[in-house]
Structures are given as C-alpha cells and as structure tokens.
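A.B. asks: Enclosed is the structure file coords14.cif (mmCIF, C-alpha atoms and all ligand atoms).
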```cif
data_model
loop_
_atom_site.group_PDB
_atom_site.id
_atom_site.type_symbol
_atom_site.label_atom_id
_atom_site.label_comp_id
_atom_site.auth_asym_id
_atom_site.auth_seq_id
_atom_site.Cartn_x
_atom_site.Cartn_y
_atom_site.Cartn_z
ATOM 1 C CA MET A 1 18.044 208.287 33.859
ATOM 2 C CA SER A 2 20.684 207.603 36.497
ATOM 3 C CA LEU A 3 20.150 204.509 38.589
ATOM 4 C CA ILE A 4 22.317 205.795 41.431
ATOM 5 C CA ASN A 5 20.221 205.739 44.603
ATOM 6 C CA SER A 6 17.322 204.201 42.763
ATOM 7 C CA VAL A 7 15.947 200.889 43.981
ATOM 8 C CA THR A 8 18.050 199.101 41.356
ATOM 9 C CA GLY A 9 21.142 201.114 42.264
ATOM 10 C CA LEU A 10 20.786 200.297 45.936
ATOM 11 C CA LEU A 11 20.279 196.608 45.214
ATOM 12 C CA GLN A 12 23.688 196.621 43.552
ATOM 13 C CA TYR A 13 25.139 196.952 47.040
ATOM 14 C CA SER A 14 24.499 193.226 47.344
ATOM 15 C CA ASP A 15 27.843 192.354 45.699
ATOM 16 C CA GLN A 16 29.609 193.645 48.811
ATOM 17 C CA LEU A 17 27.709 191.107 50.922
ATOM 18 C CA GLN A 18 28.891 188.044 49.014
ATOM 19 C CA SER A 19 31.651 187.268 51.526
ATOM 20 C CA VAL A 20 29.267 187.549 54.500
ATOM 21 C CA SER A 21 26.106 185.922 53.198
ATOM 22 C CA ASP A 22 25.006 183.091 50.909
ATOM 23 C CA THR A 23 21.867 185.093 50.199
ATOM 24 C CA ALA A 24 23.372 188.517 49.462
ATOM 25 C CA LEU A 25 20.697 189.767 47.061
ATOM 26 C CA LEU A 26 17.814 188.524 49.201
ATOM 27 C CA ASP A 27 19.387 190.167 52.268
ATOM 28 C CA THR A 28 19.789 193.454 50.398
ATOM 29 C CA GLU A 29 16.180 193.303 49.222
ATOM 30 C CA LEU A 30 14.994 192.664 52.774
ATOM 31 C CA LEU A 31 17.001 195.577 54.165
ATOM 32 C CA LEU A 32 15.854 197.936 51.439
ATOM 33 C CA SER A 33 12.223 196.825 51.848
ATOM 34 C CA PHE A 34 12.541 197.492 55.562
ATOM 35 C CA ALA A 35 14.064 200.959 55.055
ATOM 36 C CA LEU A 36 11.359 201.889 52.523
ATOM 37 C CA ASP A 37 8.568 200.179 54.470
ATOM 38 C CA VAL A 38 7.458 198.240 51.399
ATOM 39 C CA ASP A 39 7.514 194.548 50.463
ATOM 40 C CA ARG A 40 9.921 192.864 48.056
ATOM 41 C CA THR A 41 7.311 192.713 45.299
ATOM 42 C CA TRP A 42 7.079 196.499 45.447
ATOM 43 C CA LEU A 43 10.857 196.769 44.873
ATOM 44 C CA LYS A 44 10.550 194.658 41.742
ATOM 45 C CA THR A 45 7.569 196.662 40.526
ATOM 46 C CA TRP A 46 9.277 200.045 40.963
ATOM 47 C CA PRO A 47 12.982 199.488 40.154
ATOM 48 C CA ASP A 48 13.509 203.150 39.166
ATOM 49 C CA HIS A 49 11.911 204.594 42.302
ATOM 50 C CA LYS A 50 14.226 207.095 43.987
ATOM 51 C CA PRO A 51 14.071 206.789 47.771
ATOM 52 C CA GLU A 52 14.302 209.847 49.997
ATOM 53 C CA ALA A 53 17.696 210.782 51.445
ATOM 54 C CA ALA A 54 16.673 209.675 54.947
ATOM 55 C CA GLN A 55 15.582 206.283 53.618
ATOM 56 C CA ILE A 56 18.872 205.817 51.778
ATOM 57 C CA LYS A 57 20.743 206.720 54.959
ATOM 58 C CA GLN A 58 18.729 204.215 56.965
ATOM 59 C CA PHE A 59 19.334 201.524 54.355
ATOM 60 C CA GLU A 60 23.073 202.216 54.460
ATOM 61 C CA THR A 61 23.107 201.960 58.263
ATOM 62 C CA LEU A 62 21.272 198.622 58.158
ATOM 63 C CA PHE A 63 23.512 197.406 55.365
ATOM 64 C CA ALA A 64 26.639 198.270 57.376
ATOM 65 C CA ARG A 65 25.304 196.144 60.260
ATOM 66 C CA ARG A 66 24.767 193.209 57.910
ATOM 67 C CA LEU A 67 28.344 193.637 56.622
ATOM 68 C CA THR A 68 29.578 192.944 60.169
ATOM 69 C CA GLY A 69 27.742 189.606 60.012
ATOM 70 C CA GLU A 70 24.741 190.512 62.158
ATOM 71 C CA PRO A 71 21.827 188.276 61.118
ATOM 72 C CA ILE A 72 19.164 189.841 58.914
ATOM 73 C CA ALA A 73 16.453 188.666 61.306
ATOM 74 C CA PHE A 74 17.978 190.647 64.203
ATOM 75 C CA ILE A 75 18.440 193.754 62.044
ATOM 76 C CA ILE A 76 14.851 193.848 60.821
ATOM 77 C CA GLY A 77 13.509 192.178 63.982
ATOM 78 C CA ARG A 78 11.414 189.648 62.109
ATOM 79 C CA GLN A 79 11.658 186.182 60.592
ATOM 80 C CA GLY A 80 9.209 184.184 58.541
ATOM 81 C CA PHE A 81 8.497 180.669 59.795
ATOM 82 C CA TRP A 82 5.936 178.320 58.252
ATOM 83 C CA THR A 83 3.166 180.768 57.250
ATOM 84 C CA LEU A 84 3.847 183.121 60.158
ATOM 85 C CA ASP A 85 5.698 186.405 60.464
ATOM 86 C CA LEU A 86 7.458 186.295 63.839
ATOM 87 C CA LYS A 87 9.155 188.960 65.908
ATOM 88 C CA VAL A 88 12.695 187.978 66.881
ATOM 89 C CA THR A 89 15.149 189.501 69.336
ATOM 90 C CA PRO A 90 18.785 188.705 70.167
ATOM 91 C CA GLY A 91 17.522 186.888 73.296
ATOM 92 C CA THR A 92 16.347 183.837 71.321
ATOM 93 C CA LEU A 93 17.312 181.561 68.478
ATOM 94 C CA ILE A 94 16.259 182.726 65.000
ATOM 95 C CA PRO A 95 13.768 180.157 63.659
ATOM 96 C CA ARG A 96 15.405 178.057 60.945
ATOM 97 C CA PRO A 97 13.796 176.729 57.748
ATOM 98 C CA GLU A 98 14.878 173.170 58.648
ATOM 99 C CA THR A 99 12.802 173.370 61.841
ATOM 100 C CA GLU A 100 9.693 173.572 59.640
ATOM 101 C CA LEU A 101 10.279 169.837 59.105
ATOM 102 C CA LEU A 102 9.271 169.261 62.749
ATOM 103 C CA VAL A 103 5.995 171.047 62.109
ATOM 104 C CA GLU A 104 5.366 169.072 58.921
ATOM 105 C CA ILE A 105 6.052 165.711 60.569
ATOM 106 C CA ALA A 106 4.074 166.592 63.715
ATOM 107 C CA LEU A 107 1.021 167.484 61.624
ATOM 108 C CA GLY A 108 1.103 164.021 60.042
ATOM 109 C CA LEU A 109 1.201 162.063 63.314
ATOM 110 C CA ASN A 110 -1.613 159.858 64.477
ATOM 111 C CA VAL A 111 -2.897 161.789 67.506
ATOM 112 C CA PRO A 112 -6.454 162.465 68.712
ATOM 113 C CA ASP A 113 -8.348 165.424 67.227
ATOM 114 C CA ALA A 114 -8.147 167.494 70.404
ATOM 115 C CA ALA A 115 -4.506 166.597 71.052
ATOM 116 C CA ARG A 116 -2.590 168.197 73.905
ATOM 117 C CA VAL A 117 0.849 169.209 72.723
ATOM 118 C CA LEU A 118 3.892 170.485 74.639
ATOM 119 C CA ASP A 119 6.666 172.525 72.968
ATOM 120 C CA LEU A 120 9.811 172.541 75.114
ATOM 121 C CA GLY A 121 12.254 175.448 74.681
ATOM 122 C CA THR A 122 9.894 177.380 72.465
ATOM 123 C CA GLY A 123 12.103 180.483 71.896
ATOM 124 C CA THR A 124 10.092 182.775 69.596
ATOM 125 C CA GLY A 125 7.178 180.331 69.879
ATOM 126 C CA ALA A 126 7.758 179.237 66.276
ATOM 127 C CA ILE A 127 6.898 175.527 66.517
ATOM 128 C CA ALA A 128 3.929 175.863 68.883
ATOM 129 C CA LEU A 129 2.448 178.780 66.958
ATOM 130 C CA ALA A 130 2.868 177.062 63.591
ATOM 131 C CA LEU A 131 1.106 173.942 64.924
ATOM 132 C CA ALA A 132 -1.621 176.028 66.543
ATOM 133 C CA SER A 133 -2.192 177.899 63.281
ATOM 134 C CA GLU A 134 -2.793 174.626 61.442
ATOM 135 C CA ARG A 135 -4.801 172.826 64.137
ATOM 136 C CA ASN A 136 -7.178 175.044 66.074
ATOM 137 C CA ASP A 137 -8.530 171.923 67.802
ATOM 138 C CA TRP A 138 -5.127 171.171 69.400
ATOM 139 C CA GLN A 139 -4.269 172.620 72.818
ATOM 140 C CA LEU A 140 -0.668 173.756 72.897
ATOM 141 C CA THR A 141 1.562 174.513 75.847
ATOM 142 C CA ALA A 142 4.874 176.218 75.123
ATOM 143 C CA VAL A 143 7.616 176.701 77.719
ATOM 144 C CA ASP A 144 11.076 178.223 77.824
ATOM 145 C CA SER A 145 13.603 178.626 80.637
ATOM 146 C CA GLN A 146 14.349 182.212 79.568
ATOM 147 C CA ILE A 147 11.803 184.867 80.551
ATOM 148 C CA ALA A 148 12.797 186.986 77.514
ATOM 149 C CA ALA A 149 11.754 184.096 75.284
ATOM 150 C CA VAL A 150 8.479 183.577 77.153
ATOM 151 C CA ASN A 151 7.616 187.263 76.714
ATOM 152 C CA LEU A 152 8.575 187.223 73.047
ATOM 153 C CA ALA A 153 6.583 184.049 72.333
ATOM 154 C CA GLU A 154 3.568 185.667 73.995
ATOM 155 C CA ILE A 155 3.930 188.772 71.784
ATOM 156 C CA ASN A 156 4.063 186.495 68.754
ATOM 157 C CA ARG A 157 1.042 184.530 69.960
ATOM 158 C CA GLN A 158 -0.972 187.723 70.242
ATOM 159 C CA HIS A 159 0.246 188.998 66.868
ATOM 160 C CA CYS A 160 -0.773 185.690 65.243
ATOM 161 C CA GLN A 161 -4.096 185.771 67.152
ATOM 162 C CA LEU A 162 -3.817 182.188 68.327
ATOM 163 C CA ASP A 163 -5.933 181.382 71.356
ATOM 164 C CA ASN A 164 -5.038 177.705 71.664
ATOM 165 C CA VAL A 165 -1.500 178.232 72.990
ATOM 166 C CA SER A 166 -0.481 178.911 76.588
ATOM 167 C CA ILE A 167 3.067 179.998 77.275
ATOM 168 C CA TYR A 168 4.990 180.041 80.541
ATOM 169 C CA GLN A 169 8.466 179.854 82.028
ATOM 170 C CA SER A 170 9.847 176.420 82.794
ATOM 171 C CA ASP A 171 13.313 174.902 82.673
ATOM 172 C CA TRP A 172 12.371 171.892 80.522
ATOM 173 C CA PHE A 173 9.783 170.025 82.629
ATOM 174 C CA SER A 174 10.464 171.800 85.946
ATOM 175 C CA GLN A 175 7.153 173.719 85.987
ATOM 176 C CA VAL A 176 5.146 171.397 83.727
ATOM 177 C CA PRO A 177 2.335 169.725 85.632
ATOM 178 C CA GLY A 178 1.918 166.002 85.143
ATOM 179 C CA SER A 179 3.253 162.767 86.460
ATOM 180 C CA ILE A 180 3.545 159.113 85.709
ATOM 181 C CA SER A 181 0.048 158.519 87.081
ATOM 182 C CA ALA A 182 -1.614 161.257 85.023
ATOM 183 C CA PRO A 183 0.414 162.022 81.910
ATOM 184 C CA GLN A 184 -1.217 164.758 79.851
ATOM 185 C CA TYR A 185 0.378 165.040 76.467
ATOM 186 C CA HIS A 186 -0.247 163.274 73.169
ATOM 187 C CA LEU A 187 2.784 164.928 71.618
ATOM 188 C CA ILE A 188 5.927 166.534 72.983
ATOM 189 C CA ILE A 189 8.055 168.452 70.521
ATOM 190 C CA SER A 190 11.353 170.256 70.987
ATOM 191 C CA ASN A 191 14.174 171.994 69.206
ATOM 192 C CA PRO A 192 16.608 172.086 72.136
ATOM 193 C CA PRO A 193 20.188 173.396 72.086
ATOM 194 C CA TYR A 194 22.349 170.635 70.604
ATOM 195 C CA ILE A 195 25.649 172.139 69.464
ATOM 196 C CA GLU A 196 28.905 170.856 70.986
ATOM 197 C CA LEU A 197 30.678 173.291 73.315
ATOM 198 C CA ASP A 198 33.800 173.528 71.157
ATOM 199 C CA ASP A 199 32.116 173.338 67.744
ATOM 200 C CA PRO A 200 34.106 175.711 65.478
ATOM 201 C CA HIS A 201 30.861 176.633 63.673
ATOM 202 C CA LEU A 202 29.942 178.694 66.759
ATOM 203 C CA SER A 203 32.418 181.365 65.702
ATOM 204 C CA GLU A 204 30.966 181.681 62.189
ATOM 205 C CA GLY A 205 27.869 183.292 60.693
ATOM 206 C CA ASP A 206 24.564 184.036 62.410
ATOM 207 C CA VAL A 207 25.156 181.846 65.496
ATOM 208 C CA ARG A 208 27.792 184.330 66.775
ATOM 209 C CA PHE A 209 24.920 186.705 67.498
ATOM 210 C CA GLU A 210 22.509 184.199 69.060
ATOM 211 C CA PRO A 211 22.388 183.277 72.761
ATOM 212 C CA ALA A 212 24.541 180.304 73.768
ATOM 213 C CA THR A 213 21.682 179.071 75.993
ATOM 214 C CA ALA A 214 19.701 178.344 72.820
ATOM 215 C CA LEU A 215 22.575 176.679 70.969
ATOM 216 C CA VAL A 216 25.111 174.896 73.135
ATOM 217 C CA SER A 217 24.546 171.760 75.188
ATOM 218 C CA GLY A 218 27.706 170.397 76.793
ATOM 219 C CA HIS A 219 30.717 168.705 75.258
ATOM 220 C CA ASP A 220 28.765 166.311 73.047
ATOM 221 C CA GLY A 221 25.766 168.604 72.459
ATOM 222 C CA LEU A 222 23.490 165.994 74.030
ATOM 223 C CA ASN A 223 22.944 167.298 77.589
ATOM 224 C CA ASP A 224 19.527 168.794 76.898
ATOM 225 C CA LEU A 225 18.401 166.076 74.502
ATOM 226 C CA LYS A 226 19.113 163.560 77.310
ATOM 227 C CA ILE A 227 16.840 165.490 79.680
ATOM 228 C CA VAL A 228 14.051 165.943 77.138
ATOM 229 C CA ILE A 229 14.105 162.326 75.924
ATOM 230 C CA GLY A 230 14.713 160.811 79.376
ATOM 231 C CA GLN A 231 11.910 162.710 81.108
ATOM 232 C CA SER A 232 9.267 162.790 78.366
ATOM 233 C CA PRO A 233 7.823 159.338 79.190
ATOM 234 C CA ARG A 234 6.542 160.745 82.507
ATOM 235 C CA TYR A 235 4.490 163.354 80.651
ATOM 236 C CA LEU A 236 3.338 161.415 77.585
ATOM 237 C CA ARG A 237 0.126 159.439 77.373
ATOM 238 C CA SER A 238 0.145 155.890 76.001
ATOM 239 C CA ASN A 239 0.813 155.979 72.267
ATOM 240 C CA GLY A 240 2.015 159.579 72.638
ATOM 241 C CA TRP A 241 4.809 160.864 70.434
ATOM 242 C CA LEU A 242 8.085 162.635 71.116
ATOM 243 C CA LEU A 243 9.686 164.546 68.254
ATOM 244 C CA VAL A 244 13.033 166.339 68.600
ATOM 245 C CA GLU A 245 15.380 168.253 66.346
ATOM 246 C CA HIS A 246 19.081 167.374 66.641
ATOM 247 C CA GLY A 247 22.460 167.838 64.974
ATOM 248 C CA TYR A 248 23.134 166.016 61.733
ATOM 249 C CA GLN A 249 25.731 163.764 63.392
ATOM 250 C CA GLN A 250 23.577 162.947 66.416
ATOM 251 C CA GLY A 251 20.996 160.656 64.785
ATOM 252 C CA ALA A 252 22.394 157.356 66.088
ATOM 253 C CA ALA A 253 22.990 158.703 69.618
ATOM 254 C CA VAL A 254 19.488 160.188 69.743
ATOM 255 C CA ARG A 255 17.848 156.963 68.508
ATOM 256 C CA ASN A 256 19.707 155.151 71.293
ATOM 257 C CA LEU A 257 18.398 157.620 73.864
ATOM 258 C CA PHE A 258 14.851 157.068 72.568
ATOM 259 C CA ALA A 259 15.249 153.282 72.815
ATOM 260 C CA THR A 260 16.703 153.481 76.336
ATOM 261 C CA ALA A 261 13.770 155.673 77.422
ATOM 262 C CA GLY A 262 11.309 152.996 76.217
ATOM 263 C CA PHE A 263 10.128 154.467 72.907
ATOM 264 C CA THR A 264 9.134 152.337 69.925
ATOM 265 C CA ALA A 265 8.550 153.162 66.242
ATOM 266 C CA ILE A 266 11.746 155.211 66.423
ATOM 267 C CA GLY A 267 12.644 156.953 63.192
ATOM 268 C CA THR A 268 14.824 159.752 61.884
ATOM 269 C CA HIS A 269 13.953 162.162 59.079
ATOM 270 C CA ILE A 270 16.367 164.037 56.845
ATOM 271 C CA ASP A 271 16.059 167.740 56.086
ATOM 272 C CA HIS A 272 16.212 169.585 52.751
ATOM 273 C CA ASN A 273 20.016 169.377 52.906
ATOM 274 C CA ASP A 274 19.833 165.557 53.138
ATOM 275 C CA LEU A 275 21.007 165.648 56.761
ATOM 276 C CA GLU A 276 19.540 163.695 59.675
ATOM 277 C CA ARG A 277 17.647 166.436 61.489
ATOM 278 C CA LEU A 278 14.838 165.051 63.600
ATOM 279 C CA THR A 279 13.999 161.861 65.422
ATOM 280 C CA LEU A 280 10.664 160.688 66.740
ATOM 281 C CA GLY A 281 9.306 157.781 68.716
ATOM 282 C CA CYS A 282 6.070 156.544 70.212
ATOM 283 C CA LEU A 283 5.571 155.638 73.859
ATOM 284 C CA PRO A 284 3.905 152.220 73.852
ATOM 285 C CA GLN A 285 0.709 151.421 75.730
ATOM 286 C CA THR A 286 1.607 150.750 79.334
ATOM 287 C CA ASP A 287 -1.697 149.450 80.700
HETATM 288 N N1 LIG B 1 20.363 174.311 63.811
HETATM 289 C C1 LIG B 1 21.051 175.325 64.556
HETATM 290 C C2 LIG B 1 22.434 175.536 63.994
HETATM 291 O O1 LIG B 1 23.113 174.607 63.691
HETATM 292 C C3 LIG B 1 21.155 174.980 66.012
HETATM 293 C C4 LIG B 1 19.855 175.063 66.655
HETATM 294 C C5 LIG B 1 19.836 174.382 67.987
HETATM 295 O O2 LIG B 1 20.835 174.224 68.681
HETATM 296 N N2 LIG B 1 18.683 173.986 68.345
HETATM 297 O O3 LIG B 1 22.837 176.657 63.829
#
```
Using structure tokens, write down the structure that the file contains.
C.D. replies:
Amino acid sequence: MSLINSVTGLLQYSDQLQSVSDTALLDTELLLSFALDVDRTWLKTWPDHKPEAAQIKQFETLFARRLTGEPIAFIIGRQGFWTLDLKVTPGTLIPRPETELLVEIALGLNVPDAARVLDLGTGTGAIALALASERNDWQLTAVDSQIAAVNLAEINRQHCQLDNVSIYQSDWFSQVPGSISAPQYHLIISNPPYIELDDPHLSEGDVRFEPATALVSGHDGLNDLKIVIGQSPRYLRSNGWLLVEHGYQQGAAVRNLFATAGFTAIGTHIDHNDLERLTLGCLPQTD
C-alpha cells in the first residue's frame, strides 16, 4: 500500500526541517500528533494510518510555520517541563530542559519541611509549579513583572491543580512583602534574563520568537542578576538559600556577586552540556 499521506509518509517531511532544527524528526512527530490529536506512541503504533484531508492540511500548515523557525512550543502551545505539561504563549520564555537542574538542586537543599519559597520572574510558572508538584508541604510564591506571564502561570497552576502556589505581578521584589527585620523566605530561586544585549545568538533559533524582556539584561547580561542577588538578603531568612540560573560564561561574575552580597557556601553546577548554568549560596546566620 502507498505510504503517501500515511503517518509514515508524513513523518518523512522531517528531512526538510534538518536545516532549521536539531530535532527534526521529534518536531515532525509533535506537529503530526497535534494535528491528529493523538500522542507520539499512537503514531508509532499506527504507522500506516491514513489521516483525513483536513488533518493533513493542518499538519502542513503547522509544518510550514516550523520551517520559518517558529518554536515548536509556540506552534502547539505547550511544553513539557519536569513532569508537567505547561501552556506556553509568545509572551513568555519557553521552559528549557537545562532549567530542570534548578528544580533538581532546589529539591536537595537543606530547608525546613514547610519551607517558604519565592520564584522570581516565573514566566510560565515552570520552576514554582515543578517544586510545588514535588513538595506539597512547601509554600510557593511566584512573581513576574509581565501581567501576561502572571495570567499564564495562573492558568498552568490551575491545570496542574497545585494549591500551594500563589502568583502575582511584581517587578523583581517591588511588590514582595518582607524586610530586613522580618525576612520570610527559606529559598529564593530565579531564572532571570541574562543574555547580553548584542549577543549574536539572539538572531538565531527559537529566541528570535521569544520576548526580549525574558532574555536580555543589559550589555553584560548581568543587570537583573545584580538586582536579584543584591536584594535577596533582605528577603531571606538566616541559612536561607538563593539559587539562580545564568549564562555559561557568567559563573565567575555571579559567584562574585553572591560573595559581595554576603552569601557563603557559594557553588556553581554544570548542566547536561557541561556548561556552568546555576549558582547558589546560603545566607549565614545573622543573629
Ligand atoms: N537559556 C536561555 C538561552 O540561552 C536564556 C534564558 C534566560 O535568559 N533566562 O536561550
């Protein structure tokens, strides 16, 4: 039987995506699954299935968008992160696999059972929701300066049915209650924008379609990291932790910022690409 316009035939489109994507076959499977409203396992189980004409047309429309470089996550409107299936929109950063390292490290920290945790610049809500899904005894607060992100994170919170996360609009700490005399948090975590303004990588791949507010942070990429690291001590309890994601060339600068802000036990972890990706530190006992 002819494979043209069968599942297998449509998956052969993936060759055309090689120049646009490192994951051409996976992308094609995701687009075809979306058009057929099935999962990827189904595609493998029914390779000879012949989709309806309207489904083929929809797949071809989605595929044409991907050929222009538009990220898969924006085309299908979803992205997996940790164990969660999150809604994404072009108003926020697409959660990255390397950011799962923040979740993994945060879950291993020595914090009290009912820890209060703040996620700064939450975007889709990915980090806060992943932590909340693992630790229903933790109380999470997630903030973002962009109202579109706040609304999206709230949709994701409801979809994931997580009651231990509250989400509101705040430009870093601007609307976060707390002060030096009554710091609230045992852990502050953030994946802030950290790309340099003139980084050539901004004109390549998925980032072309993502909002600059979620990516770019001044000439050295450190503007927002300086705010987050510099102000966190006012909001962290004694022995509280700060954990931030940063660019692979920013490890030394970020460790310096942690030291200047008074943190101890400062350390950097490498991601699955062997790149320095996150730094953490502990705020020593003050009293
Ligand atoms: N890791 C992302 C990238 O390099 C940037 C994310 C961020 O700025 N927080 O594409």
A.B. asks: Within 6 Å of ligand LIG 1 (chain B), counting all atoms listed in the file, which protein or nucleic acid residues do you find, written as a ChimeraX atom specification?
C.D. replies: /A:191-195,207,214-215
A.B. asks: Going by the chain IDs and residue numbers used in this file, which residues fall under the PyMOL selection byres (((chain A and resi 98-107) around 7) and not hetatm)? Write them as a ChimeraX atom specification.
C.D. replies: /A:82,96-97,108-109,127,130-131,271
A.B. asks: Which residues come within 12 Å of region 244-254 of chain A, counting only C-alpha atoms, excluding same-chain residues fewer than 6 positions away, as a PyMOL selection string?
C.D. replies: chain A and resi 96+98-103+105-106+118-121+127+187-196+199+215-217+220-230+232+260-261+263+266-281
A.B. asks: Would you list the contacts of Gln55 (chain A) as a PyMOL selection string, taking every protein, DNA or RNA residue within 9 Å and counting all atoms listed in the file, but skipping same-chain residues closer than 5 positions in sequence?
C.D. replies: chain A and resi 32+35-36+60
A.B. asks: If we count only C-alpha atoms and set the cut-off at 10 Å, which residues sit around Glu70 (chain A), ignoring sequence neighbours fewer than 6 positions away in its own chain? Please answer as number ranges by chain.
C.D. replies: A: 20, 62-64, 205-210
A.B. asks: With all atoms listed in the file as the basis for distance, which of A:Ala126, A:Ile72, A:Leu67, A:Val7 is at the shortest distance from Leu30 (chain A)?
C.D. replies: A:Ile72
A.B. asks: Identify all residues satisfying the PyMOL selection byres (((chain A and resi 90) around 12) and not hetatm) in the given file; provide them as number ranges by chain.
C.D. replies: A: 70-78, 87-89, 91-95, 123-124, 148-149, 152, 206-214
A.B. asks: Now that the selection is made, can you save its residues with C-alpha atoms as a compact mmCIF listing (two decimals), in the frame of the given file?
C.D. replies:
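Okay, this is what ended up in result-v1.txt:
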```txt
# COMPACT_ATOMS: atom_id res chain seq x y z
CA GLU A 70 24.74 190.51 62.16
CA PRO A 71 21.83 188.28 61.12
CA ILE A 72 19.16 189.84 58.91
CA ALA A 73 16.45 188.67 61.31
CA PHE A 74 17.98 190.65 64.20
CA ILE A 75 18.44 193.75 62.04
CA ILE A 76 14.85 193.85 60.82
CA GLY A 77 13.51 192.18 63.98
CA ARG A 78 11.41 189.65 62.11
CA LYS A 87 9.15 188.96 65.91
CA VAL A 88 12.70 187.98 66.88
CA THR A 89 15.15 189.50 69.34
CA GLY A 91 17.52 186.89 73.30
CA THR A 92 16.35 183.84 71.32
CA LEU A 93 17.31 181.56 68.48
CA ILE A 94 16.26 182.73 65.00
CA PRO A 95 13.77 180.16 63.66
CA GLY A 123 12.10 180.48 71.90
CA THR A 124 10.09 182.78 69.60
CA ALA A 148 12.80 186.99 77.51
CA ALA A 149 11.75 184.10 75.28
CA LEU A 152 8.57 187.22 73.05
CA ASP A 206 24.56 184.04 62.41
CA VAL A 207 25.16 181.85 65.50
CA ARG A 208 27.79 184.33 66.78
CA PHE A 209 24.92 186.70 67.50
CA GLU A 210 22.51 184.20 69.06
CA PRO A 211 22.39 183.28 72.76
CA ALA A 212 24.54 180.30 73.77
CA THR A 213 21.68 179.07 75.99
CA ALA A 214 19.70 178.34 72.82
```
A.B. asks: Tell me which of A:Gln58, A:Gln18, A:Thr264, A:Thr122 sits closest to Ser33 (chain A), counting only C-alpha atoms.
C.D. replies: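 Using only C-alpha atoms, Ser33 (chain A) sits closest to A:Gln58.
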